[in-house]
$ cat my_file20.pdb   # PDB, C-alpha atoms
MODEL        1
ATOM      1  CA  MET Z   1      11.139 -12.441 -12.361  1.00  0.00           C
ATOM      2  CA  ASN Z   2      13.542 -12.497  -9.432  1.00  0.00           C
ATOM      3  CA  GLU Z   3      13.274  -9.251  -7.532  1.00  0.00           C
ATOM      4  CA  VAL Z   4      16.259  -7.774  -5.748  1.00  0.00           C
ATOM      5  CA  PHE Z   5      15.217  -6.161  -2.467  1.00  0.00           C
ATOM      6  CA  GLU Z   6      16.962  -3.456  -0.478  1.00  0.00           C
ATOM      7  CA  THR Z   7      16.311  -1.940   2.933  1.00  0.00           C
ATOM      8  CA  LYS Z   8      14.981   1.608   2.830  1.00  0.00           C
ATOM      9  CA  SER Z   9      14.986   4.043   5.732  1.00  0.00           C
ATOM     10  CA  LEU Z  10      11.679   5.921   5.991  1.00  0.00           C
ATOM     11  CA  PHE Z  11      10.282   8.768   8.062  1.00  0.00           C
ATOM     12  CA  GLY Z  12      13.702  10.196   8.839  1.00  0.00           C
ATOM     13  CA  GLY Z  13      15.085   6.824   9.944  1.00  0.00           C
ATOM     14  CA  ALA Z  14      12.203   5.958  12.293  1.00  0.00           C
ATOM     15  CA  VAL Z  15      11.049   3.055  10.079  1.00  0.00           C
ATOM     16  CA  GLU Z  16      12.815   0.471   7.926  1.00  0.00           C
ATOM     17  CA  ILE Z  17      11.288  -1.558   5.125  1.00  0.00           C
ATOM     18  CA  SER Z  18      12.610  -3.918   2.469  1.00  0.00           C
ATOM     19  CA  LEU Z  19      11.460  -2.972  -1.050  1.00  0.00           C
ATOM     20  CA  PRO Z  20      12.231  -4.176  -4.569  1.00  0.00           C
ATOM     21  CA  MET Z  21      15.064  -2.035  -5.959  1.00  0.00           C
ATOM     22  CA  ARG Z  22      13.014  -0.969  -8.983  1.00  0.00           C
ATOM     23  CA  PHE Z  23      10.827   1.240  -6.747  1.00  0.00           C
ATOM     24  CA  THR Z  24      11.957   4.841  -6.296  1.00  0.00           C
ATOM     25  CA  ASP Z  25      10.998   7.524  -3.797  1.00  0.00           C
ATOM     26  CA  THR Z  26       8.054   9.435  -5.260  1.00  0.00           C
ATOM     27  CA  SER Z  27       8.731  12.477  -3.061  1.00  0.00           C
ATOM     28  CA  THR Z  28      11.613  13.363  -5.394  1.00  0.00           C
ATOM     29  CA  VAL Z  29       9.080  14.175  -8.153  1.00  0.00           C
ATOM     30  CA  ARG Z  30       5.902  15.237  -6.315  1.00  0.00           C
ATOM     31  CA  HIS Z  31       4.628  16.270  -2.893  1.00  0.00           C
ATOM     32  CA  VAL Z  32       3.881  13.426  -0.452  1.00  0.00           C
ATOM     33  CA  ALA Z  33       1.992  13.976   2.809  1.00  0.00           C
ATOM     34  CA  ASP Z  34       4.054  13.953   6.033  1.00  0.00           C
ATOM     35  CA  ALA Z  35       2.371  10.793   7.333  1.00  0.00           C
ATOM     36  CA  GLN Z  36       3.117   8.904   4.084  1.00  0.00           C
ATOM     37  CA  GLU Z  37       6.051   7.414   2.245  1.00  0.00           C
ATOM     38  CA  VAL Z  38       5.371   6.561  -1.403  1.00  0.00           C
ATOM     39  CA  TYR Z  39       7.544   4.509  -3.742  1.00  0.00           C
ATOM     40  CA  SER Z  40       6.697   3.796  -7.355  1.00  0.00           C
ATOM     41  CA  ASP Z  41       7.958   1.952 -10.397  1.00  0.00           C
ATOM     42  CA  ALA Z  42       7.533   4.103 -13.504  1.00  0.00           C
ATOM     43  CA  ASP Z  43       7.808   1.116 -15.860  1.00  0.00           C
ATOM     44  CA  SER Z  44       4.892  -0.794 -14.323  1.00  0.00           C
ATOM     45  CA  ASP Z  45       2.782   1.955 -12.688  1.00  0.00           C
ATOM     46  CA  GLN Z  46       3.011  -0.061  -9.447  1.00  0.00           C
ATOM     47  CA  SER Z  47       3.173   1.861  -6.189  1.00  0.00           C
ATOM     48  CA  ILE Z  48       3.884   1.136  -2.539  1.00  0.00           C
ATOM     49  CA  ILE Z  49       2.479   3.440   0.143  1.00  0.00           C
ATOM     50  CA  LEU Z  50       3.239   3.246   3.855  1.00  0.00           C
ATOM     51  CA  GLU Z  51       1.211   5.610   5.987  1.00  0.00           C
ATOM     52  CA  PHE Z  52       0.169   6.246   9.548  1.00  0.00           C
ATOM     53  CA  LEU Z  53      -3.492   7.078  10.076  1.00  0.00           C
ATOM     54  CA  ALA Z  54      -5.493   8.289  13.028  1.00  0.00           C
ATOM     55  CA  TYR Z  55      -6.879   5.223  14.793  1.00  0.00           C
ATOM     56  CA  ASN Z  56     -10.244   4.244  13.356  1.00  0.00           C
ATOM     57  CA  GLU Z  57     -12.879   3.070  15.823  1.00  0.00           C
ATOM     58  CA  VAL Z  58     -13.673   0.081  13.636  1.00  0.00           C
ATOM     59  CA  ASP Z  59     -13.616  -3.526  14.836  1.00  0.00           C
ATOM     60  CA  ASP Z  60     -10.285  -5.285  14.132  1.00  0.00           C
ATOM     61  CA  ASN Z  61     -12.072  -7.856  11.950  1.00  0.00           C
ATOM     62  CA  HIS Z  62     -13.408  -5.108   9.677  1.00  0.00           C
ATOM     63  CA  ILE Z  63     -10.641  -2.483   9.596  1.00  0.00           C
ATOM     64  CA  ALA Z  64      -8.960  -3.705   6.390  1.00  0.00           C
ATOM     65  CA  GLN Z  65     -12.269  -3.780   4.520  1.00  0.00           C
ATOM     66  CA  TYR Z  66     -13.131  -0.336   5.923  1.00  0.00           C
ATOM     67  CA  LEU Z  67      -9.836   1.105   4.633  1.00  0.00           C
ATOM     68  CA  PHE Z  68     -10.176  -0.714   1.286  1.00  0.00           C
ATOM     69  CA  ASP Z  69     -13.656   0.800   0.862  1.00  0.00           C
ATOM     70  CA  ASP Z  70     -12.340   4.229   1.878  1.00  0.00           C
ATOM     71  CA  ILE Z  71      -9.597   4.014  -0.770  1.00  0.00           C
ATOM     72  CA  ALA Z  72     -12.200   2.897  -3.343  1.00  0.00           C
ATOM     73  CA  ASP Z  73     -14.288   5.971  -2.508  1.00  0.00           C
ATOM     74  CA  LEU Z  74     -11.242   8.271  -2.748  1.00  0.00           C
ATOM     75  CA  ASN Z  75     -10.336   6.685  -6.106  1.00  0.00           C
ATOM     76  CA  SER Z  76     -13.950   6.909  -7.352  1.00  0.00           C
ATOM     77  CA  ALA Z  77     -13.647   3.195  -8.127  1.00  0.00           C
ATOM     78  CA  LYS Z  78     -16.164   1.922 -10.658  1.00  0.00           C
ATOM     79  CA  ASN Z  79     -16.008  -1.603  -9.221  1.00  0.00           C
ATOM     80  CA  LYS Z  80     -14.355  -3.213  -6.224  1.00  0.00           C
ATOM     81  CA  ARG Z  81     -14.080  -6.682  -4.787  1.00  0.00           C
ATOM     82  CA  ILE Z  82     -12.190  -8.366  -1.996  1.00  0.00           C
ATOM     83  CA  PHE Z  83     -10.519 -11.702  -2.661  1.00  0.00           C
ATOM     84  CA  GLU Z  84      -9.138 -12.475   0.784  1.00  0.00           C
ATOM     85  CA  CYS Z  85      -8.832 -10.900   4.223  1.00  0.00           C
ATOM     86  CA  ASN Z  86      -6.954 -12.545   7.117  1.00  0.00           C
ATOM     87  CA  ILE Z  87      -5.268 -11.832  10.414  1.00  0.00           C
ATOM     88  CA  ASP Z  88      -1.477 -12.033   9.924  1.00  0.00           C
ATOM     89  CA  THR Z  89       0.217 -13.542  12.962  1.00  0.00           C
ATOM     90  CA  ASN Z  90       3.712 -13.587  11.448  1.00  0.00           C
ATOM     91  CA  LEU Z  91       4.543  -9.909  11.856  1.00  0.00           C
ATOM     92  CA  GLY Z  92       6.056 -10.431  15.290  1.00  0.00           C
ATOM     93  CA  LEU Z  93       4.058  -7.656  16.915  1.00  0.00           C
ATOM     94  CA  GLN Z  94       1.662  -7.809  19.818  1.00  0.00           C
ATOM     95  CA  ASP Z  95      -0.626  -5.518  17.854  1.00  0.00           C
ATOM     96  CA  VAL Z  96      -3.273  -6.912  15.515  1.00  0.00           C
ATOM     97  CA  SER Z  97      -2.205  -7.075  11.874  1.00  0.00           C
ATOM     98  CA  ILE Z  98      -4.501  -7.833   8.968  1.00  0.00           C
ATOM     99  CA  VAL Z  99      -3.838  -8.430   5.264  1.00  0.00           C
ATOM    100  CA  LEU Z 100      -6.362  -7.943   2.480  1.00  0.00           C
ATOM    101  CA  TYR Z 101      -6.147  -8.669  -1.233  1.00  0.00           C
ATOM    102  CA  GLY Z 102      -8.676  -7.047  -3.535  1.00  0.00           C
ATOM    103  CA  GLN Z 103      -9.245  -5.351  -6.841  1.00  0.00           C
ATOM    104  CA  GLN Z 104     -10.591  -1.985  -7.927  1.00  0.00           C
ATOM    105  CA  SER Z 105     -11.461  -0.543 -11.323  1.00  0.00           C
ATOM    106  CA  VAL Z 106     -10.219   3.046 -11.363  1.00  0.00           C
ATOM    107  CA  SER Z 107      -9.438   5.892 -13.722  1.00  0.00           C
ATOM    108  CA  LYS Z 108      -6.065   7.591 -13.735  1.00  0.00           C
ATOM    109  CA  TYR Z 109      -5.833  11.396 -13.809  1.00  0.00           C
ATOM    110  CA  ASN Z 110      -9.646  11.661 -14.074  1.00  0.00           C
ATOM    111  CA  GLU Z 111      -9.594   9.944 -17.479  1.00  0.00           C
ATOM    112  CA  ASP Z 112     -12.687   8.157 -18.778  1.00  0.00           C
ATOM    113  CA  ALA Z 113     -10.605   5.012 -19.320  1.00  0.00           C
ATOM    114  CA  VAL Z 114     -10.827   2.504 -16.462  1.00  0.00           C
ATOM    115  CA  ASN Z 115      -7.862   0.340 -15.401  1.00  0.00           C
ATOM    116  CA  VAL Z 116      -8.005  -2.733 -13.177  1.00  0.00           C
ATOM    117  CA  ILE Z 117      -5.753  -2.551 -10.111  1.00  0.00           C
ATOM    118  CA  THR Z 118      -5.024  -5.398  -7.712  1.00  0.00           C
ATOM    119  CA  MET Z 119      -4.514  -3.975  -4.245  1.00  0.00           C
ATOM    120  CA  TYR Z 120      -2.632  -5.519  -1.356  1.00  0.00           C
ATOM    121  CA  LEU Z 121      -3.336  -3.940   2.025  1.00  0.00           C
ATOM    122  CA  GLY Z 122      -1.610  -4.593   5.331  1.00  0.00           C
ATOM    123  CA  VAL Z 123      -2.948  -2.927   8.466  1.00  0.00           C
ATOM    124  CA  VAL Z 124      -1.300  -2.868  11.885  1.00  0.00           C
ATOM    125  CA  ARG Z 125      -3.470  -1.572  14.732  1.00  0.00           C
ATOM    126  CA  LEU Z 126      -1.122   0.371  16.995  1.00  0.00           C
ATOM    127  CA  LYS Z 127      -3.752   0.925  19.680  1.00  0.00           C
ATOM    128  CA  LYS Z 128      -1.282   2.125  22.291  1.00  0.00           C
ATOM    129  CA  TYR Z 129      -0.440   5.026  19.970  1.00  0.00           C
ATOM    130  CA  HIS Z 130      -4.010   5.548  18.676  1.00  0.00           C
ATOM    131  CA  THR Z 131      -2.655   4.882  15.195  1.00  0.00           C
ATOM    132  CA  ASP Z 132      -3.290   2.497  12.320  1.00  0.00           C
ATOM    133  CA  MET Z 133      -0.320   1.726  10.076  1.00  0.00           C
ATOM    134  CA  LEU Z 134      -1.372   0.984   6.499  1.00  0.00           C
ATOM    135  CA  LEU Z 135       0.764  -0.538   3.751  1.00  0.00           C
ATOM    136  CA  THR Z 136      -0.852  -0.434   0.311  1.00  0.00           C
ATOM    137  CA  VAL Z 137       0.610  -1.923  -2.854  1.00  0.00           C
ATOM    138  CA  ASN Z 138      -1.166  -1.023  -6.103  1.00  0.00           C
ATOM    139  CA  VAL Z 139      -0.548  -3.376  -9.029  1.00  0.00           C
ATOM    140  CA  PRO Z 140      -2.172  -2.655 -12.409  1.00  0.00           C
ATOM    141  CA  VAL Z 141      -3.336  -5.911 -13.996  1.00  0.00           C
ATOM    142  CA  GLY Z 142      -5.268  -4.496 -16.938  1.00  0.00           C
ATOM    143  CA  PHE Z 143      -5.077  -1.208 -18.818  1.00  0.00           C
ATOM    144  CA  SER Z 144      -7.924   0.219 -20.847  1.00  0.00           C
ATOM    145  CA  PRO Z 145      -6.917   0.782 -24.488  1.00  0.00           C
ATOM    146  CA  ASN Z 146      -7.716   4.487 -23.958  1.00  0.00           C
ATOM    147  CA  SER Z 147      -5.679   4.866 -20.755  1.00  0.00           C
ATOM    148  CA  SER Z 148      -2.595   7.076 -20.729  1.00  0.00           C
ATOM    149  CA  SER Z 149      -0.841   4.152 -19.023  1.00  0.00           C
ATOM    150  CA  ASN Z 150      -1.694   1.646 -21.756  1.00  0.00           C
ATOM    151  CA  SER Z 151       1.250   2.420 -24.032  1.00  0.00           C
ATOM    152  CA  THR Z 152       3.767   3.456 -21.382  1.00  0.00           C
ATOM    153  CA  SER Z 153       3.392   0.828 -18.658  1.00  0.00           C
ATOM    154  CA  LYS Z 154       4.346  -2.817 -18.593  1.00  0.00           C
ATOM    155  CA  LEU Z 155       2.556  -5.468 -16.585  1.00  0.00           C
ATOM    156  CA  TYR Z 156       5.077  -6.753 -14.042  1.00  0.00           C
ATOM    157  CA  PRO Z 157       4.291  -9.786 -11.916  1.00  0.00           C
ATOM    158  CA  PHE Z 158       3.551  -9.164  -8.265  1.00  0.00           C
ATOM    159  CA  ASN Z 159       1.994 -11.624  -5.840  1.00  0.00           C
ATOM    160  CA  SER Z 160       0.930 -12.104  -2.242  1.00  0.00           C
ATOM    161  CA  GLU Z 161       4.303 -13.618  -1.295  1.00  0.00           C
ATOM    162  CA  MET Z 162       6.075 -10.449  -2.411  1.00  0.00           C
ATOM    163  CA  PHE Z 163       3.556  -8.345  -0.520  1.00  0.00           C
ATOM    164  CA  LEU Z 164       4.017 -10.375   2.671  1.00  0.00           C
ATOM    165  CA  ARG Z 165       7.797 -10.087   2.336  1.00  0.00           C
ATOM    166  CA  ILE Z 166       7.461  -6.301   2.235  1.00  0.00           C
ATOM    167  CA  PHE Z 167       4.803  -6.133   4.968  1.00  0.00           C
ATOM    168  CA  ARG Z 168       6.694  -8.396   7.353  1.00  0.00           C
ATOM    169  CA  SER Z 169       9.944  -6.484   6.797  1.00  0.00           C
ATOM    170  CA  ILE Z 170       8.577  -3.278   8.352  1.00  0.00           C
ATOM    171  CA  LYS Z 171      10.404  -2.284  11.518  1.00  0.00           C
ATOM    172  CA  ILE Z 172       9.436   0.727  13.590  1.00  0.00           C
ATOM    173  CA  LEU Z 173      12.733   1.803  15.120  1.00  0.00           C
ATOM    174  CA  ASN Z 174      11.531   4.960  16.853  1.00  0.00           C
ATOM    175  CA  PHE Z 175       7.974   4.966  18.177  1.00  0.00           C
ATOM    176  CA  ASP Z 176       8.283   8.703  18.959  1.00  0.00           C
ATOM    177  CA  LEU Z 177       7.360   9.102  15.293  1.00  0.00           C
ATOM    178  CA  LEU Z 178       3.806   8.144  16.199  1.00  0.00           C
ATOM    179  CA  ASN Z 179       3.463  11.196  18.440  1.00  0.00           C
ATOM    180  CA  CYS Z 180       4.026  13.548  15.481  1.00  0.00           C
ATOM    181  CA  TRP Z 181       0.512  13.566  14.074  1.00  0.00           C
TER     182      TRP Z 181
ENDMDL
END

$ encode --input "my_file20.pdb" --output "structure tokens"
Amino acid sequence: MNEVFETKSLFGGAVEISLPMRFTDTSTVRHVADAQEVYSDADSDQSIILEFLAYNEVDDNHIAQYLFDDIADLNSAKNKRIFECNIDTNLGLQDVSIVLYGQQSVSKYNEDAVNVITMYLGVVRLKKYHTDMLLTVNVPVGFSPNSSSNSTSKLYPFNSEMFLRIFRSIKILNFDLLNCW
């Protein structure tokens, strides 16, 4: 599947990112926190979240795993595993950036049914601003037969190359944004 990408302006124009066109702004249908931008594809149940977090006093080599584990706890994940975690030197920033690929087994809407989600995480440590920037892409790879998503969602391909294209496209145009929270 050849994806068509387009540049999106986020956080009131302070950030730009290139996303597949099939993803739409979730804030048009539900509340999204001020420090987050969320895009989703209703056909595949895939989502892309860019957020700015308070700087975590965790070693650079462990920050992606720390955030992955935190998300697993928030999602009440039944299982979790990390496939790969590496420093990404191609972002063009002086700040440390890390990418992680993993998987979590989670329920949607507090259902008993458990779906398998591949997660792509990209973390940029913006130490000067006491902020961590986190990009998370959630890609369902298996739906439980009893899941509400089983009959309504399609499994669309998504891979690490697509994730890196999105992650490396992020441009912070106005760093004053980072003083807002």

$ residues_around --input "my_file20.pdb" --residues "Z:Gly122" --least-positions-apart "3" --cutoff "7 Å" --atoms "all atoms listed in the file" --output "PyMOL selection string"
chain Z and resi 98-100+134-136+167

$ residues_around --input "my_file20.pdb" --residues "stretch 76-92 of chain Z" --least-positions-apart "3" --cutoff "12 Å" --atoms "all atoms listed in the file" --output "PyMOL selection string"
chain Z and resi 60-73+95-125+160+164-172

$ atom_distance --input "my_file20.pdb" --atom1 "atom CA of Z:Ser27" --atom2 "atom CA of Z:Ser47"
12.4 Å

$ residues_around --input "my_file20.pdb" --residues "Z:Glu3" --least-positions-apart "6" --cutoff "9 Å" --atoms "all atoms listed in the file" --output "list in words"
Pro20, Met21, Arg22 and Met162 of chain Z

$ residues_around --input "my_file20.pdb" --residues "Z:Glu37" --least-positions-apart "5" --cutoff "7 Å" --atoms "only C-alpha atoms" --output "short mmCIF file (atom, residue, chain, number, x, y, z; two decimals) with C-alpha atoms, keeping the file's coordinate frame"
data_model
loop_
_atom_site.label_atom_id
_atom_site.label_comp_id
_atom_site.auth_asym_id
_atom_site.auth_seq_id
_atom_site.Cartn_x
_atom_site.Cartn_y
_atom_site.Cartn_z
CA LEU Z 10 11.68 5.92 5.99
CA VAL Z 32 3.88 13.43 -0.45
CA ILE Z 49 2.48 3.44 0.14
CA LEU Z 50 3.24 3.25 3.86
CA GLU Z 51 1.21 5.61 5.99
#

$ closest_residue --input "my_file20.pdb" --among "Z:Asn138, Z:Asn56, Z:Thr24, Z:Thr131" --to "Z:Lys8" --atoms "all atoms listed in the file"
Z:Thr24

$ closest_residue --input "my_file20.pdb" --among "Z:Leu126, Z:Met133, Z:Leu173, Z:Ala14" --to "Z:Phe52" --atoms "only C-alpha atoms"
Z:Met133

$ resolve_selection --input "my_file20.pdb" --expression "the PyMOL selection byres ((chain Z and resi 39) around 6)" --output "number ranges by chain"
Z: 23-26, 38, 40, 47-48

$ atom_distance --input "my_file20.pdb" --atom1 "atom CA of Z:Asn174" --atom2 "atom CA of Z:Asn159"
29.7 Å

$ closest_residue --input "my_file20.pdb" --among "Z:Gln46, Z:Asn75, Z:Asn179, Z:Gln36" --to "Z:Tyr156" --atoms "only C-alpha atoms"
Z:Gln46

$ closest_residue --input "my_file20.pdb" --among "Z:Val4, Z:Ala35, Z:Val137, Z:Val15" --to "Z:Cys180" --atoms "all atoms listed in the file"
Z:Ala35

$ atom_distance --input "my_file20.pdb" --atom1 "atom CA of Z:Arg30" --atom2 "atom CA of Z:Thr7"
22.1 Å

$ closest_residue --input "my_file20.pdb" --among "Z:Phe175, Z:Phe11, Z:Lys127, Z:Asn2" --to "Z:Ala54" --atoms "only C-alpha atoms"
Z:Lys127

$ closest_residue --input "my_file20.pdb" --among "Z:Leu177, Z:Tyr55, Z:Thr28, Z:Ile17" --to "Z:Lys128" --atoms "all atoms listed in the file"
Z:Tyr55
